[in-house]
Amino acid sequence: MMANGFPLKNCRAVITGASSGLGAEFARQLAPQAQSLVLVARRADALEAVKNELQAFPVQVFCCVADLATDVGRNAVLAFLDAKGLKPNLLINNAGMGDYGDFASSSAEKTRTQIELNITALTMLTHALLPRLERPGGVLNVSSLASTLPMPDLAVYAASKAYVTSFSEALAVELAPQNITVTCVCPGPTPTNFSQNAKRAVGTDTNREGQSLLRIPPTQVVRRALGALQQAEACVFPGAGVAIASRVFRLLPRGLLRVLLRWRHGKE
Ligand SMILES: NC(=O)c1ccc[n+]([C@@H]2O[C@H](COP(=O)([O-])OP(=O)(O)OC[C@H]3O[C@@H](n4cnc5c(N)ncnc54)[C@H](OP(=O)(O)O)[C@@H]3O)[C@@H](O)[C@H]2O)c1
C-alpha cells in the first residue's frame with residue numbers, strides 16, 4: 001500500500017540540525033504553513049537567530065538545545081517534547097556531519113561522533129518518536145548523493161549515508177500502511193557550513209572536481225525535499241545534475257566503479 005503523501009499544512013515538525021544550512025532552510029520554508037516547529041541543535045544562539053527570522057509567521061517556534069551525538073542529548077529532545085506537551089506529526093532528521101580525509105589518520109572521536117549523529121541519532125529518534133507521531137505522519141531523512149557510492153577520503157560519511165538511504169527506503173514500505181510517509185532526500189554538494197565543519201584542522205580539503213555541475217542552493221534542495229514528502233516519493237535527488245549522477249553511480253558495475261575511484265584518488 002502506498003502512503004498518500006504528507007500534508008504540510010498545519011504540520012507540527014521537529015527539525016534536527018536547524019541552526020544552519022538545510023535545517024534552517026526547512027524551518028524557513030515550513031514556517032508559513034506549520035502550526036509548530038521544534039528546532040534542535042547544539043548552538044543556542046544560532047537556533048534563536050533562526051527563530052527570530054520566523055517571527056512574521058503565525059507559527060509557534062521552540063528551540064531545543066541538545067547534542068544529538070549523545071544519549072543524553074537525544075533523551076533531552078524527548079523530555080523537551082513531553083515538558084511542552086508537544087505532539088509532532090513530522091520528524092525531519094537533518095543533523096549530520098562529515099570528515100574530509102583518509103580513514104587511517106582520522107580522529108577516533110570525530111569518527112565516533114559522526115556515526116552517533118548520522119546513524120544512531122537518526123535511527124533512535126525515529127524509533128522513539130514513531131509511537132508518538134500523530135497521523136498522518138511524516139519522516140524526512142536527509143541522506144546524500146554520497147550514499148550511492150563508496151567515497152575514499154569520505155569513507156565513513158558515505159557509508160553512513162548509504163545506511164540512511166537504505167533504512168529510509170525500508171521504513172517507507174513498513175510505515176505506509178500506518179499512514180506515515182517516509183522520504184529520503186539525497187542532496188549533492190550544497191553551499192552550507194558542511195564543508196567547513198568536515199575539514200580537519202590539519203589536512204587537505206576534499207576533491208571538488210566536477211562539483212560545480214552538481215551544486216544547487218539550499219532553497220532548491222529543501223523545496224524539492226518537501227515536495228517529495230507531499231507526493232510520498234521514497235527517495236529524491238534534488239537537481240538535474242545530481243539526479244543524473246545518482247543514476248550513473250547506481251548503474252555502474254562495481255568493478256568499473258572501483259577502477260574509477262582508484263584513478264580519481266590517485267590524482268590527488
Ligand atoms: N551541504 C552539503 O553539501 C550536503 C550534501 C549532502 C547531504 N548533506 C546533509 O545535509 C544535512 C545538513 O547539513 P548542512 O549541509 O546543512 O550542514 P551544516 O550547515 O553544517 O548544518 C549541520 C547542522 O547539524 C547540526 N549538528 C551538528 N552536530 C550536531 C550534534 N552533535 N547535535 C545536534 N546537532 C548537530 C548543526 O548545528 P550545531 O552546530 O548548532 O549543533 C547544524 O544545524 C546533513 O545531514 C548533511 O550530511 C549536506
# chains A, B, ... in the order shown; residues from 1 in each chain; ligands from 1
$ closest_atom_pairs --of "range 116-169 of chain A" --to "range 248-254 of chain A" --cutoff "12 Å" --atoms "only C-alpha atoms" --output "CSV"
residue,atom,partner,partner_atom,distance
A:Leu145,CA,A:Phe249,CA,9.3
A:Ala146,CA,A:Phe249,CA,9.7
A:Ser147,CA,A:Arg250,CA,9.9
A:Thr148,CA,A:Arg250,CA,6.1
A:Leu149,CA,A:Phe249,CA,6.5
A:Pro150,CA,A:Phe249,CA,9.9
A:Met151,CA,A:Phe249,CA,11.5
A:Ala162,CA,A:Arg250,CA,11.7
$ residues_around --residues "Phe62 in chain A" --least-positions-apart "5" --cutoff "8 Å" --atoms "only C-alpha atoms" --output "VMD selection string"
chain A and resid 36 to 39 51
$ write_last_selection --atoms "all heavy atoms" --output "PDB file, in the first residue's frame"
ATOM      1  N   SER A  36       3.537  24.312  14.472  1.00  0.00           N
ATOM      2  CA  SER A  36       4.657  24.452  15.414  1.00  0.00           C
ATOM      3  C   SER A  36       5.926  23.832  14.834  1.00  0.00           C
ATOM      4  O   SER A  36       5.870  22.874  14.041  1.00  0.00           O
ATOM      5  CB  SER A  36       4.311  23.789  16.760  1.00  0.00           C
ATOM      6  OG  SER A  36       4.219  22.402  16.602  1.00  0.00           O
ATOM      7  N   LEU A  37       7.047  24.400  15.257  1.00  0.00           N
ATOM      8  CA  LEU A  37       8.358  23.892  14.836  1.00  0.00           C
ATOM      9  C   LEU A  37       9.230  23.757  16.074  1.00  0.00           C
ATOM     10  O   LEU A  37       9.328  24.697  16.867  1.00  0.00           O
ATOM     11  CB  LEU A  37       9.045  24.867  13.865  1.00  0.00           C
ATOM     12  CG  LEU A  37       8.349  25.188  12.541  1.00  0.00           C
ATOM     13  CD1 LEU A  37       9.143  26.256  11.773  1.00  0.00           C
ATOM     14  CD2 LEU A  37       8.210  23.920  11.686  1.00  0.00           C
ATOM     15  N   VAL A  38       9.868  22.609  16.224  1.00  0.00           N
ATOM     16  CA  VAL A  38      10.859  22.438  17.290  1.00  0.00           C
ATOM     17  C   VAL A  38      12.217  22.376  16.598  1.00  0.00           C
ATOM     18  O   VAL A  38      12.476  21.465  15.807  1.00  0.00           O
ATOM     19  CB  VAL A  38      10.604  21.151  18.104  1.00  0.00           C
ATOM     20  CG1 VAL A  38      11.675  20.987  19.178  1.00  0.00           C
ATOM     21  CG2 VAL A  38       9.218  21.175  18.726  1.00  0.00           C
ATOM     22  N   LEU A  39      13.040  23.371  16.870  1.00  0.00           N
ATOM     23  CA  LEU A  39      14.361  23.457  16.231  1.00  0.00           C
ATOM     24  C   LEU A  39      15.395  22.864  17.177  1.00  0.00           C
ATOM     25  O   LEU A  39      15.544  23.334  18.306  1.00  0.00           O
ATOM     26  CB  LEU A  39      14.710  24.915  15.935  1.00  0.00           C
ATOM     27  CG  LEU A  39      13.638  25.765  15.243  1.00  0.00           C
ATOM     28  CD1 LEU A  39      14.148  27.197  15.019  1.00  0.00           C
ATOM     29  CD2 LEU A  39      13.196  25.140  13.919  1.00  0.00           C
ATOM     30  N   LYS A  51      14.968  31.292  14.892  1.00  0.00           N
ATOM     31  CA  LYS A  51      13.627  31.549  15.455  1.00  0.00           C
ATOM     32  C   LYS A  51      13.214  33.005  15.204  1.00  0.00           C
ATOM     33  O   LYS A  51      12.085  33.268  14.788  1.00  0.00           O
ATOM     34  CB  LYS A  51      13.636  31.241  16.958  1.00  0.00           C
ATOM     35  CG  LYS A  51      12.315  31.498  17.635  1.00  0.00           C
ATOM     36  CD  LYS A  51      12.345  31.164  19.105  1.00  0.00           C
ATOM     37  CE  LYS A  51      11.028  31.585  19.736  1.00  0.00           C
ATOM     38  NZ  LYS A  51      10.942  31.212  21.150  1.00  0.00           N
TER      39      LYS A  51
END
$ residues_near_ligand --ligand "ligand 1" --cutoff "7 Å" --atoms "only C-alpha atoms and all ligand atoms" --output "JSON, numbers by chain"
{"A": [16, 17, 18, 19, 20, 21, 22, 23, 40, 41, 42, 43, 46, 66, 67, 68, 69, 94, 95, 96, 97, 98, 117, 118, 142, 143, 144, 145, 186, 187, 188, 189, 190, 191, 192, 193, 194, 195, 197]}
$ closest_residue --among "A:Asp45, A:Glu134, A:Asp153, A:Glu233" --to "Cys184 in chain A" --atoms "only C-alpha atoms"
A:Glu233
$ atom_distance --atom1 "CA of Asn89 in chain A" --atom2 "CA of Val182 in chain A"
11.9 Å
$ atom_distance --atom1 "CA of Gln178 in chain A" --atom2 "CA of Leu86 in chain A"
20.6 Å
$ residues_around --residues "Val202 in chain A" --least-positions-apart "2" --cutoff "12 Å" --atoms "only C-alpha atoms" --output "VMD selection string"
chain A and resid 99 to 101 105 to 107 198 to 200 204 to 205
$ write_last_selection --atoms "C-alpha atoms" --output "tab-separated table (two decimals), in the first residue's frame"
chain	number	residue	atom	x	y	z
A	99	ASP	CA	35.08	14.31	7.90
A	100	TYR	CA	37.35	15.01	4.93
A	101	GLY	CA	40.48	12.88	4.80
A	105	SER	CA	44.53	9.18	10.16
A	106	SER	CA	41.03	10.24	11.25
A	107	SER	CA	40.34	11.19	14.84
A	198	ALA	CA	34.12	18.50	7.67
A	199	LYS	CA	37.63	19.90	7.14
A	200	ARG	CA	40.29	18.76	9.55
A	204	THR	CA	43.54	18.55	2.93
A	205	ASP	CA	40.21	19.63	1.56
$ closest_residue --among "A:Ser212, A:Gln114, A:Asn4, A:Thr123" --to "Ala159 in chain A" --atoms "only C-alpha atoms"
A:Gln114
$ closest_residue --among "A:Ser168, A:Gln211, A:Thr126, A:Thr219" --to "Pro88 in chain A" --atoms "only C-alpha atoms"
A:Thr126
$ closest_residue --among "A:Pro218, A:Pro136, A:Gly5, A:Gly210" --to "Ala234 in chain A" --atoms "only C-alpha atoms"
A:Gly5
$ select_by_dssp --residues "range 79-170 of chain A" --states "alpha helix (DSSP H)" --output "JSON, numbers by chain"
{"A": [79, 80, 81, 82, 83, 84, 108, 109, 110, 111, 112, 113, 114, 115, 122, 123, 124, 125, 126, 127, 128, 129, 155, 156, 157, 158, 159, 160, 161, 162, 163, 164, 165, 166, 167, 168, 169, 170]}
$ atom_distance --atom1 "CA of Leu47 in chain A" --atom2 "CA of Leu8 in chain A"
21.8 Å
$ decode --residues "range 1-16 of chain A" --atoms "N, CA, C and O atoms" --output "compact mmCIF listing (two decimals), in the first residue's frame"
# COMPACT_ATOMS: atom_id res chain seq x y z
N MET A 1 0.84 -1.20 0.00
CA MET A 1 0.00 0.00 0.00
C MET A 1 0.88 1.26 0.00
O MET A 1 1.89 1.32 0.68
N MET A 2 0.49 2.25 -0.79
CA MET A 2 1.24 3.50 -0.87
C MET A 2 0.71 4.48 0.16
O MET A 2 -0.51 4.57 0.37
N ALA A 3 1.62 5.23 0.82
CA ALA A 3 1.15 6.35 1.63
C ALA A 3 0.68 7.43 0.66
O ALA A 3 1.10 7.47 -0.49
N ASN A 4 -0.22 8.30 1.14
CA ASN A 4 -0.79 9.31 0.24
C ASN A 4 0.06 10.55 0.15
O ASN A 4 -0.27 11.48 -0.56
N GLY A 5 1.09 10.61 0.91
CA GLY A 5 1.90 11.82 0.96
C GLY A 5 1.55 12.60 2.21
O GLY A 5 0.45 12.50 2.75
N PHE A 6 2.51 13.38 2.68
CA PHE A 6 2.32 14.10 3.95
C PHE A 6 1.84 15.52 3.67
O PHE A 6 2.52 16.28 2.96
N PRO A 7 0.70 15.94 4.24
CA PRO A 7 0.21 17.31 4.03
C PRO A 7 0.96 18.28 4.94
O PRO A 7 0.93 18.13 6.17
N LEU A 8 1.61 19.28 4.37
CA LEU A 8 2.42 20.20 5.19
C LEU A 8 1.57 21.21 5.96
O LEU A 8 2.00 21.72 6.99
N LYS A 9 0.36 21.46 5.47
CA LYS A 9 -0.48 22.49 6.11
C LYS A 9 -0.72 22.13 7.57
O LYS A 9 -1.12 21.02 7.90
N ASN A 10 -0.44 23.09 8.45
CA ASN A 10 -0.63 22.91 9.90
C ASN A 10 0.24 21.82 10.52
O ASN A 10 -0.13 21.26 11.56
N CYS A 11 1.35 21.51 9.87
CA CYS A 11 2.18 20.42 10.42
C CYS A 11 2.85 20.87 11.72
O CYS A 11 2.98 22.06 12.01
N ARG A 12 3.23 19.87 12.51
CA ARG A 12 3.94 20.12 13.78
C ARG A 12 5.26 19.35 13.66
O ARG A 12 5.28 18.13 13.79
N ALA A 13 6.32 20.09 13.36
CA ALA A 13 7.57 19.43 12.96
C ALA A 13 8.67 19.54 14.00
O ALA A 13 8.79 20.56 14.69
N VAL A 14 9.46 18.50 14.09
CA VAL A 14 10.74 18.53 14.82
C VAL A 14 11.82 18.51 13.75
O VAL A 14 11.83 17.62 12.89
N ILE A 15 12.71 19.51 13.77
CA ILE A 15 13.77 19.58 12.76
C ILE A 15 15.11 19.50 13.46
O ILE A 15 15.45 20.39 14.26
N THR A 16 15.89 18.48 13.19
CA THR A 16 17.23 18.40 13.81
C THR A 16 18.24 19.14 12.93
O THR A 16 18.08 19.22 11.70
